[in-house]
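Participant: Here you go, one structure.
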Amino acid sequence: MLINTFREFVIDCYCDHWRDAYRGAAFPLAFDRDVLIARAINAHHWTPGIATSLSSYDLALSLIDDLATFTLTEMAAHVSYMNMQALPKADYQALIQPHE
């Protein structure tokens with residue numbers, strides 16, 4: 001359960017990062033799904049129709065390389081460490097360290 005929650009947290013942080021990066025664009029990206037669609041279009045050169053036809057899970061999966069190497073902010077990494085301590089230390093470190 002904690003691993004799924006952490007995955008969702010990384011996706012939320014990733015979307016927040018790109019929402020801020022795209023703030024100057026003419027399109028509001030109010031929802032995480034909107035950001036995932038924009039990133040998938042950019043990363044894979046898909047048409048909006050293709051990207052919007054995918055589920056949010058499939059969009060995130062299509063961005064797995066970006067998500068696997070996405071760096072959390074210092075505060076987000078700290079919060080993650082605090083919340084993941086119910087797992088064995090090696091397990092939560094293995095999850096968080098790629099994002100530091």
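Here, A, B, ... name the chains of the structure tokens in the order displayed, residue numbers run from 1 inside each chain, and ligands are numbered from 1 in the same displayed order.
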Please report, as CSV, each residue of segment 55-88 of chain A lying at most 9 Å from segment 19-37 of chain A, together with the nearest pair of atoms and the separation in Å rounded to one decimal; use only C-alpha atoms, and order rows by chain and ascending residue number.

Facilitator:
```
residue,atom,partner,partner_atom,distance
A:Ser55,CA,A:Arg33,CA,8.7
A:Ser56,CA,A:Arg33,CA,6.0
A:Leu59,CA,A:Leu36,CA,6.1
A:Ala60,CA,A:Leu36,CA,6.6
A:Leu63,CA,A:Leu36,CA,8.2
```

Participant: Set the distance at 12 Å and use only C-alpha atoms: which residues neighbour Leu95 of chain A once local chain neighbours fewer than 6 positions away are removed? I'd like the list as a list in words.

Facilitator: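 These residues fall inside the cut-off: Leu2, Ile3, Asn4, Thr5, Phe6, Arg7, Phe9, Val10, Leu67, Ala68, Thr69, Phe70, Leu72, Ala77, Ser80, Tyr81, Met84, Gln85, Leu87, Pro88 and Lys89 of chain A.
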
Participant: Taking only C-alpha atoms into account, which of A:His99, A:Ala43, A:Ser53, A:Asp91 comes nearest Ile11 of chain A?

Facilitator: A:His99

Participant: Just how far from atom CA of Ala38 of chain A is atom CA of Asp16 of chain A, in Å to one decimal?

Facilitator: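 Interatomic distance, atom CA of Asp16 of chain A to atom CA of Ala38 of chain A: 12.8 Å.
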
Participant: Just to confirm, what's the straight-line distance from atom CA of Thr47 of chain A to atom CA of Trp18 of chain A in Å (one decimal)?

Facilitator: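 Distance reported for this atom pair: 18.9 Å.
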